[in-house]
Amino acid sequence: MAQLILNGVVTGLIVALPAIALSLTFAILKFPNFAIGAMLTFAAYIAWALNTLAGVPLVAAAALTLVLFPAVTLICDSGVFRPLRNRGPITLMVASMGLSFVLENVCRLVFGNDARNFDIPLSRPLRYAGLRINYEQIVAAGVAVAALILVYLILLRSPLGRAMRAVADNPDLAAARGIDDGRVIKATWILAGVLIAASSVLVGMDRAIDPQMGWNYIIVCFAAAVVGGMGSPAGAVVGALGMGIIGELATLVVDPNYRAGVAFLAIALVLLIRPHGLFGRREIKK
Amino acid sequence: MSVQPVTISNLRAGYGGDDIVNDVSFDVRPGEVFTIIGPNGSGKSTLIKVLAGIVPARKGTISLFDKDVTAMKAAQRIAAGMAYVPQEFNVFRNMTIAENLRLSTEFIGLRGRRGLAERDRVLAMFPDIAGRQSILAGNLSGGQRQMLAFACALISGPEVLLLDEPSAGLSPRLVGEIFQKVRAVNAAGTTVVMVEQNVAQALPISDRVLVLVNGAIRHQSTAEEIRARDDLHELFLGEA
Ligand SMILES: Nc1ncnc2c1ncn2[C@@H]1O[C@H](COP(=O)(O)OP(=O)(O)O)[C@@H](O)[C@H]1O
Ligand SMILES: [Mg+2]
């Protein structure tokens with residue numbers, strides 16, 4: 001049981017990063033980015049190509065991916081989302097589905113359908129107080145926690161964070177305060193790109209990289225973000241941890257293949273009790 | 001012709017396929033309170049948003065003193081001497097007073113000490129909110145929120161202040177207080193362009209008045225002249 005909770009926490013931390021990315025882009029741009037899964041896949045392939053094709057050590061490959069992948073999210077924004085900015089959330093959501101298809105197939109075309117792995121040595125799990133924990137899990141947890149702290153500091157303590165919160169809350173008023181929403185949107189995609197890239201490397205350390213891997217994360221990401229209250233980064237973290245732990249504990253009672261079903265059940269229950277999610281605010285409409 | 005604080009010529013603006021503001025021209029004179037009235041949905045808020053640079057002009061020009069600001073974004077218009085207080089949702093409710101004030105300085109180039117100095121200057125005008133910096137703006141009363149919104153706008157030291165229904169949703173006693181503030185700001189040298197529904201209380205502090213109906217100018221005159229008329233109702237309905 002404690003082992004399952006530990007595993008769930010680590011999984012939850014890894015998923016928390018793209019869940020925050022999803023939540024941030026939703027808060028600023030007001031549409032659910034269904035390409036989040038394919039973006040994660042794409043970032044994982046960048047890291048994999050650097051690591052195995054170019055022979056860069058994984059740590060350096062990961063660092064490079066953190067720098068390179070935000071360029072991809074920026075290109076996606078200027079090529080797909082920006083031209084459709086004023087067309088409403090449904091159009092943008094459909095566009096993100098199309099983008100998802102394109103990104104996934106670019107990966108398939110360039111790298112093929114085979115499952116790939118990072119070039120990392122297998123290591124024996126550590127044991128502590130009867131719990132097994134892998135080296136990869138420790139790294140994943142450490143990196144994810146560091147990323148969460150960084151996001152927290154950016155959002156709550158920096159001018160950029162204040163600008164992002166302002167644009168999320170009231171774009172007209174933000175403009176009246178001299179905030180350039182175009183720059184805030186760019187910064188949001190960069191931050192989302194960094195979070196997705198970090199998560200993609202952590203995911204790739206734990207499982208195989210293939211063109212469809214992103215699909216496994218779309219559902220949990222949305223579950224985490226929706227449960228947390230769409231648009232609330234703190235909620236996304238709580239939601240992700242909750243989903244991770246529930247997903248693991250569910251294996252005690254149901255077949256592991258039905259994990260997703262349990263996650264949906266959890267979403268349904270939370271939304272029944274709190275329609276706007278745990279941390280969501282009712283939209284103030286003018 | 002002397003240079004006016006605000007000159008608007010043949011302005012057209014709207015959303016989607018519709019024009020909400022139709023061919024509007026007027027100018028605002030130095031040091032006056034210029035009030036725009038008109039029925040609900042006539043395009044008053046849209047017009048003032050176009051002035052503030054929030055909604056783009058589709059046609060026509062806007063000048064601030066001798067500068068053509070038509071193509072400028074909101075941020076540049078602040079730098080050029082304009083500030084805008086939106087209708088109703090005019091502070092960030094999920095931020096504290098301190099954060100709201102800070103946000104009003106840091107993106108217009110008033111960082112560090114200069115920002116603090118400007119903040120202290122405006123807080124001296126609004127004792128109600130000065131001592132309560134760590135309170136969430138969402139927890140303030142309507143009147144205090146309005147004061148905070150004024151403070152945030154005045155922090156840039158504007159020469160022209162745009163106000164969209166400053167008295168909306170306030171109790172009658174507070175309405176008087178707000179208009180006194182408007183008057184004080186104006187007396188200190190700021191030209192005020194104000195949208196109001198509360199005609200009875202707005203007219204006494206106004207110099208000139210424009211009546212906007214269906215996005216077009218129905219009538220324009222001094223406030224006294226309007227107060228002397230008994231057909232304001234007809235003006236609003238567009239029969240005069
Ligand atoms: N963001 C918007 N998008 C589309 N239509 C809008 C928007 N804001 C206002 N309108 C429409 O423009 C018209 C004028 O609204 P507004 O300028 O707010 O009028 P007023 O302030 O005089 O009540 C209304 O019909 C309103 O529905
Ligand atoms: Mg209005």
# chains A, B, ... in the order shown; residues from 1 in each chain; ligands from 1
$ interface_residues --of "chain A" --to "chain B" --cutoff "8 Å" --atoms "only C-alpha atoms" --output "list in words"
Pro159, Arg162, Ala163, Ala166, Asp169, Asn170, Asp172, Leu173, Ala175, Ala176, Arg177, Gly178, Ile179 and Asp180 of chain A
$ write_last_selection --atoms "N, CA and C atoms" --output "CSV table (one decimal), in the first residue's frame"
chain,number,residue,atom,x,y,z
A,159,PRO,N,7.3,39.6,-11.9
A,159,PRO,CA,6.4,40.5,-12.8
A,159,PRO,C,5.8,39.7,-13.9
A,162,ARG,N,2.8,38.0,-12.3
A,162,ARG,CA,1.7,38.9,-12.1
A,162,ARG,C,1.0,39.2,-13.4
A,163,ALA,N,1.8,39.4,-14.5
A,163,ALA,CA,1.2,39.8,-15.8
A,163,ALA,C,0.4,38.6,-16.3
A,166,ALA,N,-2.8,38.5,-14.4
A,166,ALA,CA,-3.7,39.6,-14.7
A,166,ALA,C,-4.4,39.3,-16.1
A,169,ASP,N,-7.1,36.7,-15.6
A,169,ASP,CA,-8.2,37.2,-14.9
A,169,ASP,C,-9.1,38.2,-15.7
A,170,ASN,N,-8.4,39.1,-16.4
A,170,ASN,CA,-9.2,40.2,-17.1
A,170,ASN,C,-8.3,40.8,-18.1
A,172,ASP,N,-8.7,42.8,-20.7
A,172,ASP,CA,-8.9,44.3,-21.0
A,172,ASP,C,-8.2,45.1,-19.9
A,173,LEU,N,-8.5,44.7,-18.6
A,173,LEU,CA,-7.9,45.5,-17.5
A,173,LEU,C,-6.3,45.3,-17.6
A,175,ALA,N,-4.5,45.1,-20.2
A,175,ALA,CA,-4.1,46.0,-21.2
A,175,ALA,C,-4.1,47.4,-20.7
A,176,ALA,N,-5.1,47.7,-19.9
A,176,ALA,CA,-5.2,49.1,-19.3
A,176,ALA,C,-4.1,49.3,-18.3
A,177,ARG,N,-3.4,48.3,-17.9
A,177,ARG,CA,-2.3,48.5,-16.9
A,177,ARG,C,-1.0,48.4,-17.7
A,178,GLY,N,-1.1,48.4,-19.0
A,178,GLY,CA,0.2,48.5,-19.8
A,178,GLY,C,0.8,47.1,-20.1
A,179,ILE,N,0.0,46.1,-19.8
A,179,ILE,CA,0.6,44.7,-20.1
A,179,ILE,C,0.3,44.4,-21.5
A,180,ASP,N,1.4,43.9,-22.2
A,180,ASP,CA,1.3,43.5,-23.6
A,180,ASP,C,0.9,42.0,-23.6
$ closest_atom_pairs --of "chain B" --to "ligand 1" --cutoff "10 Å" --atoms "only C-alpha atoms and all ligand atoms" --output "JSON lines"
{"residue": "B:Ala13", "atom": "CA", "partner": "ligand 1", "partner_atom_place_in_ligand_line": "12 (O)", "distance": 9.8}
{"residue": "B:Gly14", "atom": "CA", "partner": "ligand 1", "partner_atom_place_in_ligand_line": "12 (O)", "distance": 7.0}
{"residue": "B:Tyr15", "atom": "CA", "partner": "ligand 1", "partner_atom_place_in_ligand_line": "4 (C)", "distance": 4.9}
{"residue": "B:Gly16", "atom": "CA", "partner": "ligand 1", "partner_atom_place_in_ligand_line": "4 (C)", "distance": 6.8}
{"residue": "B:Gly17", "atom": "CA", "partner": "ligand 1", "partner_atom_place_in_ligand_line": "4 (C)", "distance": 9.4}
{"residue": "B:Asp18", "atom": "CA", "partner": "ligand 1", "partner_atom_place_in_ligand_line": "5 (N)", "distance": 8.2}
{"residue": "B:Asp19", "atom": "CA", "partner": "ligand 1", "partner_atom_place_in_ligand_line": "12 (O)", "distance": 8.4}
{"residue": "B:Ile20", "atom": "CA", "partner": "ligand 1", "partner_atom_place_in_ligand_line": "12 (O)", "distance": 5.6}
{"residue": "B:Val21", "atom": "CA", "partner": "ligand 1", "partner_atom_place_in_ligand_line": "17 (O)", "distance": 8.2}
{"residue": "B:Ile36", "atom": "CA", "partner": "ligand 1", "partner_atom_place_in_ligand_line": "22 (O)", "distance": 9.3}
{"residue": "B:Ile37", "atom": "CA", "partner": "ligand 1", "partner_atom_place_in_ligand_line": "22 (O)", "distance": 8.1}
{"residue": "B:Gly38", "atom": "CA", "partner": "ligand 1", "partner_atom_place_in_ligand_line": "22 (O)", "distance": 6.5}
{"residue": "B:Pro39", "atom": "CA", "partner": "ligand 1", "partner_atom_place_in_ligand_line": "22 (O)", "distance": 6.2}
{"residue": "B:Asn40", "atom": "CA", "partner": "ligand 1", "partner_atom_place_in_ligand_line": "23 (O)", "distance": 3.9}
{"residue": "B:Gly41", "atom": "CA", "partner": "ligand 1", "partner_atom_place_in_ligand_line": "19 (O)", "distance": 3.5}
{"residue": "B:Ser42", "atom": "CA", "partner": "ligand 1", "partner_atom_place_in_ligand_line": "22 (O)", "distance": 4.0}
{"residue": "B:Gly43", "atom": "CA", "partner": "ligand 1", "partner_atom_place_in_ligand_line": "17 (O)", "distance": 3.2}
{"residue": "B:Lys44", "atom": "CA", "partner": "ligand 1", "partner_atom_place_in_ligand_line": "22 (O)", "distance": 3.7}
{"residue": "B:Ser45", "atom": "CA", "partner": "ligand 1", "partner_atom_place_in_ligand_line": "21 (O)", "distance": 3.6}
{"residue": "B:Thr46", "atom": "CA", "partner": "ligand 1", "partner_atom_place_in_ligand_line": "17 (O)", "distance": 3.7}
{"residue": "B:Leu47", "atom": "CA", "partner": "ligand 1", "partner_atom_place_in_ligand_line": "17 (O)", "distance": 6.5}
{"residue": "B:Ile48", "atom": "CA", "partner": "ligand 1", "partner_atom_place_in_ligand_line": "17 (O)", "distance": 8.1}
{"residue": "B:Lys49", "atom": "CA", "partner": "ligand 1", "partner_atom_place_in_ligand_line": "17 (O)", "distance": 8.3}
{"residue": "B:Val50", "atom": "CA", "partner": "ligand 1", "partner_atom_place_in_ligand_line": "17 (O)", "distance": 9.9}
{"residue": "B:Val55", "atom": "CA", "partner": "ligand 1", "partner_atom_place_in_ligand_line": "1 (N)", "distance": 8.6}
{"residue": "B:Gln87", "atom": "CA", "partner": "ligand 1", "partner_atom_place_in_ligand_line": "21 (O)", "distance": 8.4}
{"residue": "B:Asp164", "atom": "CA", "partner": "ligand 1", "partner_atom_place_in_ligand_line": "21 (O)", "distance": 7.9}
{"residue": "B:Glu165", "atom": "CA", "partner": "ligand 1", "partner_atom_place_in_ligand_line": "21 (O)", "distance": 8.5}
{"residue": "B:Val195", "atom": "CA", "partner": "ligand 1", "partner_atom_place_in_ligand_line": "21 (O)", "distance": 7.9}
{"residue": "B:Glu196", "atom": "CA", "partner": "ligand 1", "partner_atom_place_in_ligand_line": "21 (O)", "distance": 9.0}
{"residue": "B:Gln197", "atom": "CA", "partner": "ligand 1", "partner_atom_place_in_ligand_line": "23 (O)", "distance": 9.0}
{"residue": "B:Leu212", "atom": "CA", "partner": "ligand 1", "partner_atom_place_in_ligand_line": "22 (O)", "distance": 7.9}
{"residue": "B:Val213", "atom": "CA", "partner": "ligand 1", "partner_atom_place_in_ligand_line": "22 (O)", "distance": 8.2}
{"residue": "B:Asn214", "atom": "CA", "partner": "ligand 1", "partner_atom_place_in_ligand_line": "14 (C)", "distance": 8.1}
{"residue": "B:Gly215", "atom": "CA", "partner": "ligand 1", "partner_atom_place_in_ligand_line": "14 (C)", "distance": 7.7}
$ residues_around --residues "segment 23-25 of chain B" --least-positions-apart "5" --cutoff "9 Å" --atoms "only C-alpha atoms" --output "list in words"
Thr7, Ile8, Ser9, Asn10, Leu11, Arg12, Ala13, Leu47, Lys59, Gly60, Gly215, Ala216 and Ile217 of chain B
$ select_by_dssp --residues "segment 74-170 of chain B" --states "helix (DSSP H, G or I)" --output "ChimeraX atom specification"
/B:74-79,97-106,112-123,127-130,137-139,142-154
$ write_last_selection --atoms "C-alpha atoms" --output "PDB file, in the first residue's frame"
ATOM      1  CA  ALA B  74      -2.914  50.663 -24.712  1.00  0.00           C
ATOM      2  CA  ALA B  75       0.530  50.594 -23.087  1.00  0.00           C
ATOM      3  CA  GLN B  76       1.860  53.300 -25.407  1.00  0.00           C
ATOM      4  CA  ARG B  77      -1.173  55.468 -24.779  1.00  0.00           C
ATOM      5  CA  ILE B  78      -0.473  55.299 -21.056  1.00  0.00           C
ATOM      6  CA  ALA B  79       3.030  56.534 -21.778  1.00  0.00           C
ATOM      7  CA  ILE B  97      -4.190  45.976  -2.971  1.00  0.00           C
ATOM      8  CA  ALA B  98      -0.397  46.025  -2.929  1.00  0.00           C
ATOM      9  CA  GLU B  99      -0.203  43.707  -5.939  1.00  0.00           C
ATOM     10  CA  ASN B 100      -2.775  45.753  -7.835  1.00  0.00           C
ATOM     11  CA  LEU B 101      -0.760  48.913  -7.253  1.00  0.00           C
ATOM     12  CA  ARG B 102       2.514  47.235  -8.115  1.00  0.00           C
ATOM     13  CA  LEU B 103       1.033  45.867 -11.320  1.00  0.00           C
ATOM     14  CA  SER B 104       0.044  49.420 -12.226  1.00  0.00           C
ATOM     15  CA  THR B 105       3.628  50.632 -12.147  1.00  0.00           C
ATOM     16  CA  GLU B 106       5.853  47.834 -13.321  1.00  0.00           C
ATOM     17  CA  GLY B 112      11.823  50.177  -8.164  1.00  0.00           C
ATOM     18  CA  ARG B 113      12.008  53.423  -6.268  1.00  0.00           C
ATOM     19  CA  ARG B 114      10.141  55.534  -8.816  1.00  0.00           C
ATOM     20  CA  GLY B 115       7.254  53.096  -8.727  1.00  0.00           C
ATOM     21  CA  LEU B 116       7.122  53.279  -4.943  1.00  0.00           C
ATOM     22  CA  ALA B 117       7.216  57.070  -5.010  1.00  0.00           C
ATOM     23  CA  GLU B 118       4.302  57.245  -7.451  1.00  0.00           C
ATOM     24  CA  ARG B 119       2.406  54.680  -5.391  1.00  0.00           C
ATOM     25  CA  ASP B 120       2.846  56.733  -2.227  1.00  0.00           C
ATOM     26  CA  ARG B 121       1.768  59.866  -4.080  1.00  0.00           C
ATOM     27  CA  VAL B 122      -1.576  58.324  -5.115  1.00  0.00           C
ATOM     28  CA  LEU B 123      -2.129  56.527  -1.811  1.00  0.00           C
ATOM     29  CA  PRO B 127      -6.560  57.094   2.709  1.00  0.00           C
ATOM     30  CA  ASP B 128      -9.343  54.457   2.649  1.00  0.00           C
ATOM     31  CA  ILE B 129      -7.132  51.880   1.009  1.00  0.00           C
ATOM     32  CA  ALA B 130      -3.681  53.087   2.042  1.00  0.00           C
ATOM     33  CA  ALA B 137      -9.150  43.465  -3.766  1.00  0.00           C
ATOM     34  CA  GLY B 138     -12.056  41.043  -4.114  1.00  0.00           C
ATOM     35  CA  ASN B 139     -12.808  41.468  -0.406  1.00  0.00           C
ATOM     36  CA  GLY B 142     -17.633  48.449  -3.981  1.00  0.00           C
ATOM     37  CA  GLY B 143     -16.596  51.964  -3.022  1.00  0.00           C
ATOM     38  CA  GLN B 144     -13.137  50.920  -1.882  1.00  0.00           C
ATOM     39  CA  ARG B 145     -12.656  48.913  -5.059  1.00  0.00           C
ATOM     40  CA  GLN B 146     -13.507  51.982  -7.083  1.00  0.00           C
ATOM     41  CA  MET B 147     -10.972  54.009  -5.076  1.00  0.00           C
ATOM     42  CA  LEU B 148      -8.329  51.364  -5.735  1.00  0.00           C
ATOM     43  CA  ALA B 149      -9.174  51.429  -9.438  1.00  0.00           C
ATOM     44  CA  PHE B 150      -8.752  55.219  -9.459  1.00  0.00           C
ATOM     45  CA  ALA B 151      -5.465  54.941  -7.595  1.00  0.00           C
ATOM     46  CA  CYS B 152      -4.156  52.355 -10.073  1.00  0.00           C
ATOM     47  CA  ALA B 153      -5.060  54.565 -13.024  1.00  0.00           C
ATOM     48  CA  LEU B 154      -3.639  57.748 -11.500  1.00  0.00           C
TER      49      LEU B 154
END
$ select_by_dssp --residues "segment 120-260 of chain A" --states "strand (DSSP E or B)" --output "list in words"
Leu126, Arg127, Tyr128, Leu131, Arg132, Ile133 and Ile209 of chain A
$ atom_distance --atom1 "atom CA of Phe264 of chain A" --atom2 "atom CA of Ala223 of chain A"
7.3 Å
$ residues_around --residues "segment 134-144 of chain A" --least-positions-apart "2" --cutoff "12 Å" --atoms "only C-alpha atoms" --output "CSV table (one decimal) with N, CA and C atoms, in the first residue's frame"
chain,number,residue,atom,x,y,z
A,3,GLN,N,3.9,1.4,-0.8
A,3,GLN,CA,4.6,1.3,-2.1
A,3,GLN,C,3.8,1.9,-3.2
A,6,LEU,N,3.7,5.6,-2.9
A,6,LEU,CA,4.9,6.2,-3.3
A,6,LEU,C,5.0,6.3,-4.9
A,7,ASN,N,4.7,5.2,-5.5
A,7,ASN,CA,4.7,5.2,-7.0
A,7,ASN,C,3.7,6.2,-7.5
A,8,GLY,N,2.5,6.3,-6.9
A,8,GLY,CA,1.5,7.2,-7.3
A,8,GLY,C,2.0,8.6,-7.2
A,9,VAL,N,2.7,8.9,-6.1
A,9,VAL,CA,3.2,10.3,-5.9
A,9,VAL,C,4.2,10.7,-7.0
A,10,VAL,N,5.1,9.7,-7.3
A,10,VAL,CA,6.1,10.0,-8.4
A,10,VAL,C,5.4,10.2,-9.7
A,11,THR,N,4.5,9.3,-10.1
A,11,THR,CA,3.7,9.4,-11.3
A,11,THR,C,3.0,10.8,-11.3
A,12,GLY,N,2.3,11.1,-10.2
A,12,GLY,CA,1.6,12.3,-10.1
A,12,GLY,C,2.5,13.5,-10.3
A,13,LEU,N,3.7,13.5,-9.8
A,13,LEU,CA,4.6,14.7,-9.9
A,13,LEU,C,5.0,14.8,-11.4
A,14,ILE,N,5.2,13.7,-12.1
A,14,ILE,CA,5.6,13.8,-13.5
A,14,ILE,C,4.4,14.4,-14.3
A,15,VAL,N,3.2,13.9,-14.0
A,15,VAL,CA,2.1,14.4,-14.8
A,15,VAL,C,1.7,15.8,-14.4
A,16,ALA,N,2.1,16.2,-13.2
A,16,ALA,CA,1.8,17.6,-12.7
A,16,ALA,C,2.3,18.6,-13.7
A,17,LEU,N,3.5,18.3,-14.3
A,17,LEU,CA,4.1,19.4,-15.1
A,17,LEU,C,3.3,19.7,-16.4
A,18,PRO,N,3.0,18.7,-17.2
A,18,PRO,CA,2.1,19.0,-18.4
A,18,PRO,C,0.7,19.5,-17.9
A,19,ALA,N,0.2,19.0,-16.8
A,19,ALA,CA,-1.1,19.4,-16.3
A,19,ALA,C,-1.0,20.9,-16.0
A,20,ILE,N,0.1,21.4,-15.4
A,20,ILE,CA,0.2,22.8,-15.2
A,20,ILE,C,0.3,23.6,-16.5
A,59,VAL,N,21.6,13.9,-19.5
A,59,VAL,CA,21.4,15.2,-18.8
A,59,VAL,C,21.6,16.3,-19.7
A,62,ALA,N,18.7,16.4,-22.1
A,62,ALA,CA,17.5,16.9,-21.5
A,62,ALA,C,17.5,18.5,-21.4
A,63,ALA,N,18.7,19.0,-21.0
A,63,ALA,CA,18.9,20.4,-20.9
A,63,ALA,C,18.6,21.1,-22.3
A,118,PHE,N,15.8,5.7,-24.0
A,118,PHE,CA,17.0,6.5,-23.8
A,118,PHE,C,18.2,5.6,-23.5
A,120,ILE,N,20.3,4.8,-21.1
A,120,ILE,CA,20.7,4.9,-19.7
A,120,ILE,C,20.9,3.5,-19.1
A,121,PRO,N,21.8,3.4,-18.3
A,121,PRO,CA,22.1,2.1,-17.7
A,121,PRO,C,21.0,1.7,-16.8
A,122,LEU,N,20.6,0.4,-16.7
A,122,LEU,CA,19.7,-0.1,-15.8
A,122,LEU,C,20.3,0.0,-14.4
A,123,SER,N,19.5,0.4,-13.4
A,123,SER,CA,20.1,0.4,-12.1
A,123,SER,C,19.2,-0.4,-11.1
A,124,ARG,N,19.8,-0.8,-10.1
A,124,ARG,CA,19.0,-1.6,-9.1
A,124,ARG,C,18.2,-0.7,-8.2
A,125,PRO,N,17.0,-1.0,-7.9
A,125,PRO,CA,16.2,-0.1,-7.0
A,125,PRO,C,16.9,0.0,-5.6
A,126,LEU,N,16.7,1.1,-5.0
A,126,LEU,CA,17.1,1.2,-3.6
A,126,LEU,C,16.0,0.7,-2.7
A,127,ARG,N,16.4,0.3,-1.5
A,127,ARG,CA,15.3,-0.1,-0.6
A,127,ARG,C,15.4,0.7,0.7
A,128,TYR,N,14.3,1.2,1.1
A,128,TYR,CA,14.3,2.0,2.3
A,128,TYR,C,13.0,1.7,3.1
A,131,LEU,N,10.4,-0.1,1.3
A,131,LEU,CA,9.9,0.5,0.1
A,131,LEU,C,11.0,0.4,-1.0
A,132,ARG,N,10.6,0.0,-2.2
A,132,ARG,CA,11.5,0.0,-3.3
A,132,ARG,C,11.4,1.4,-4.0
A,146,ALA,N,11.5,20.5,-8.2
A,146,ALA,CA,12.2,21.7,-8.5
A,146,ALA,C,11.4,22.5,-9.6
A,147,ALA,N,10.8,21.9,-10.6
A,147,ALA,CA,10.1,22.6,-11.6
A,147,ALA,C,8.8,23.2,-11.0
A,148,LEU,N,8.2,22.5,-10.0
A,148,LEU,CA,7.0,23.1,-9.4
A,148,LEU,C,7.3,24.3,-8.6
A,149,ILE,N,8.5,24.2,-7.9
A,149,ILE,CA,8.9,25.4,-7.1
A,149,ILE,C,9.2,26.6,-8.0
A,150,LEU,N,9.8,26.3,-9.1
A,150,LEU,CA,10.2,27.3,-10.0
A,150,LEU,C,8.9,28.0,-10.6
A,151,VAL,N,7.9,27.2,-11.0
A,151,VAL,CA,6.7,27.7,-11.5
A,151,VAL,C,5.9,28.5,-10.4
A,194,VAL,N,8.7,24.4,-21.6
A,194,VAL,CA,9.7,23.9,-20.7
A,194,VAL,C,9.1,22.8,-19.8
A,195,LEU,N,7.9,23.0,-19.3
A,195,LEU,CA,7.3,22.0,-18.5
A,195,LEU,C,7.0,20.7,-19.2
A,196,ILE,N,6.5,20.8,-20.5
A,196,ILE,CA,6.2,19.6,-21.3
A,196,ILE,C,7.6,18.9,-21.6
A,197,ALA,N,8.6,19.7,-21.9
A,197,ALA,CA,9.9,19.1,-22.2
A,197,ALA,C,10.4,18.3,-21.0
A,198,ALA,N,10.4,19.0,-19.8
A,198,ALA,CA,10.9,18.3,-18.6
A,198,ALA,C,10.2,17.0,-18.4
A,199,SER,N,8.8,17.1,-18.5
A,199,SER,CA,8.0,15.9,-18.2
A,199,SER,C,8.3,14.8,-19.2
A,200,SER,N,8.6,15.2,-20.5
A,200,SER,CA,8.8,14.2,-21.5
A,200,SER,C,10.0,13.4,-21.3
A,201,VAL,N,11.1,14.0,-20.7
A,201,VAL,CA,12.3,13.3,-20.4
A,201,VAL,C,12.1,12.4,-19.3
A,202,LEU,N,11.4,12.9,-18.2
A,202,LEU,CA,11.1,12.0,-17.1
A,202,LEU,C,10.2,10.8,-17.5
A,203,VAL,N,9.2,11.1,-18.3
A,203,VAL,CA,8.4,10.0,-18.8
A,203,VAL,C,9.2,8.9,-19.6
A,204,GLY,N,10.1,9.5,-20.5
A,204,GLY,CA,10.9,8.6,-21.3
A,204,GLY,C,11.9,7.8,-20.5
A,205,MET,N,12.3,8.2,-19.3
A,205,MET,CA,13.2,7.4,-18.5
A,205,MET,C,12.5,6.2,-17.9
A,206,ASP,N,11.1,6.3,-17.8
A,206,ASP,CA,10.3,5.3,-17.2
A,206,ASP,C,9.7,4.3,-18.1
A,207,ARG,N,9.5,4.8,-19.4
A,207,ARG,CA,8.8,3.9,-20.3
A,207,ARG,C,9.4,4.1,-21.7
A,237,VAL,N,-1.7,20.6,-9.8
A,237,VAL,CA,-0.8,19.8,-9.1
A,237,VAL,C,-1.5,18.9,-8.1
A,240,ALA,N,-3.1,16.2,-10.2
A,240,ALA,CA,-2.2,15.2,-10.7
A,240,ALA,C,-1.8,14.2,-9.7
A,241,LEU,N,-1.4,14.8,-8.5
A,241,LEU,CA,-1.0,13.9,-7.4
A,241,LEU,C,-2.2,12.9,-7.0
$ residues_around --residues "Arg208 of chain B" --least-positions-apart "3" --cutoff "7 Å" --atoms "only C-alpha atoms" --output "JSON, numbers by chain"
{"B": [33, 34, 35, 221, 222, 223]}
$ residues_around --residues "segment 182-185 of chain A" --least-positions-apart "3" --cutoff "10 Å" --atoms "only C-alpha atoms" --output "VMD selection string"
chain A and resid 24 to 25 28 to 29 74 77 82 160 to 161 163 to 168 179 188 to 191
$ write_last_selection --atoms "C-alpha atoms" --output "short mmCIF file (atom, residue, chain, number, x, y, z; two decimals), in the first residue's frame"
data_model
loop_
_atom_site.label_atom_id
_atom_site.label_comp_id
_atom_site.auth_asym_id
_atom_site.auth_seq_id
_atom_site.Cartn_x
_atom_site.Cartn_y
_atom_site.Cartn_z
CA LEU A 24 -1.71 27.82 -17.82
CA THR A 25 -2.48 27.85 -21.54
CA ILE A 28 -4.41 32.67 -20.65
CA LEU A 29 -5.79 31.52 -24.02
CA LEU A 74 6.11 29.05 -30.06
CA ASP A 77 1.33 29.20 -31.52
CA ARG A 82 -2.44 32.97 -33.19
CA LEU A 160 5.85 37.90 -15.50
CA GLY A 161 3.71 35.88 -13.09
CA ALA A 163 1.21 39.75 -15.79
CA MET A 164 0.08 36.19 -16.50
CA ARG A 165 -2.38 36.19 -13.62
CA ALA A 166 -3.66 39.59 -14.75
CA VAL A 167 -4.24 38.50 -18.36
CA ALA A 168 -5.88 35.27 -17.16
CA ILE A 179 0.57 44.73 -20.07
CA THR A 188 3.13 31.24 -21.47
CA TRP A 189 3.98 29.00 -24.43
CA ILE A 190 7.65 29.08 -23.48
CA LEU A 191 6.86 28.11 -19.90
#
$ residues_around --residues "Ala208 of chain A" --least-positions-apart "5" --cutoff "7 Å" --atoms "only C-alpha atoms" --output "PDB file with all heavy atoms, in the first residue's frame"
ATOM      1  N   ALA A 115       9.266   1.346 -30.741  1.00  0.00           N
ATOM      2  CA  ALA A 115       9.451   1.912 -29.406  1.00  0.00           C
ATOM      3  C   ALA A 115      10.937   2.167 -29.171  1.00  0.00           C
ATOM      4  O   ALA A 115      11.778   1.351 -29.542  1.00  0.00           O
ATOM      5  CB  ALA A 115       8.919   0.942 -28.358  1.00  0.00           C
ATOM      6  N   ARG A 116      11.249   3.313 -28.602  1.00  0.00           N
ATOM      7  CA  ARG A 116      12.654   3.697 -28.368  1.00  0.00           C
ATOM      8  C   ARG A 116      12.896   3.907 -26.897  1.00  0.00           C
ATOM      9  O   ARG A 116      11.974   4.205 -26.147  1.00  0.00           O
ATOM     10  CB  ARG A 116      12.968   5.012 -29.098  1.00  0.00           C
ATOM     11  CG  ARG A 116      12.448   5.113 -30.491  1.00  0.00           C
ATOM     12  CD  ARG A 116      13.314   4.331 -31.434  1.00  0.00           C
ATOM     13  NE  ARG A 116      12.971   4.607 -32.817  1.00  0.00           N
ATOM     14  CZ  ARG A 116      13.705   4.228 -33.848  1.00  0.00           C
ATOM     15  NH1 ARG A 116      14.822   3.540 -33.630  1.00  0.00           N
ATOM     16  NH2 ARG A 116      13.339   4.511 -35.068  1.00  0.00           N
ATOM     17  N   ASN A 117      14.165   3.816 -26.535  1.00  0.00           N
ATOM     18  CA  ASN A 117      14.519   4.074 -25.145  1.00  0.00           C
ATOM     19  C   ASN A 117      15.735   4.976 -25.057  1.00  0.00           C
ATOM     20  O   ASN A 117      16.585   4.964 -25.935  1.00  0.00           O
ATOM     21  CB  ASN A 117      14.832   2.763 -24.414  1.00  0.00           C
ATOM     22  CG  ASN A 117      13.576   1.978 -24.134  1.00  0.00           C
ATOM     23  OD1 ASN A 117      12.733   2.384 -23.356  1.00  0.00           O
ATOM     24  ND2 ASN A 117      13.431   0.863 -24.838  1.00  0.00           N
TER      25      ASN A 117
END
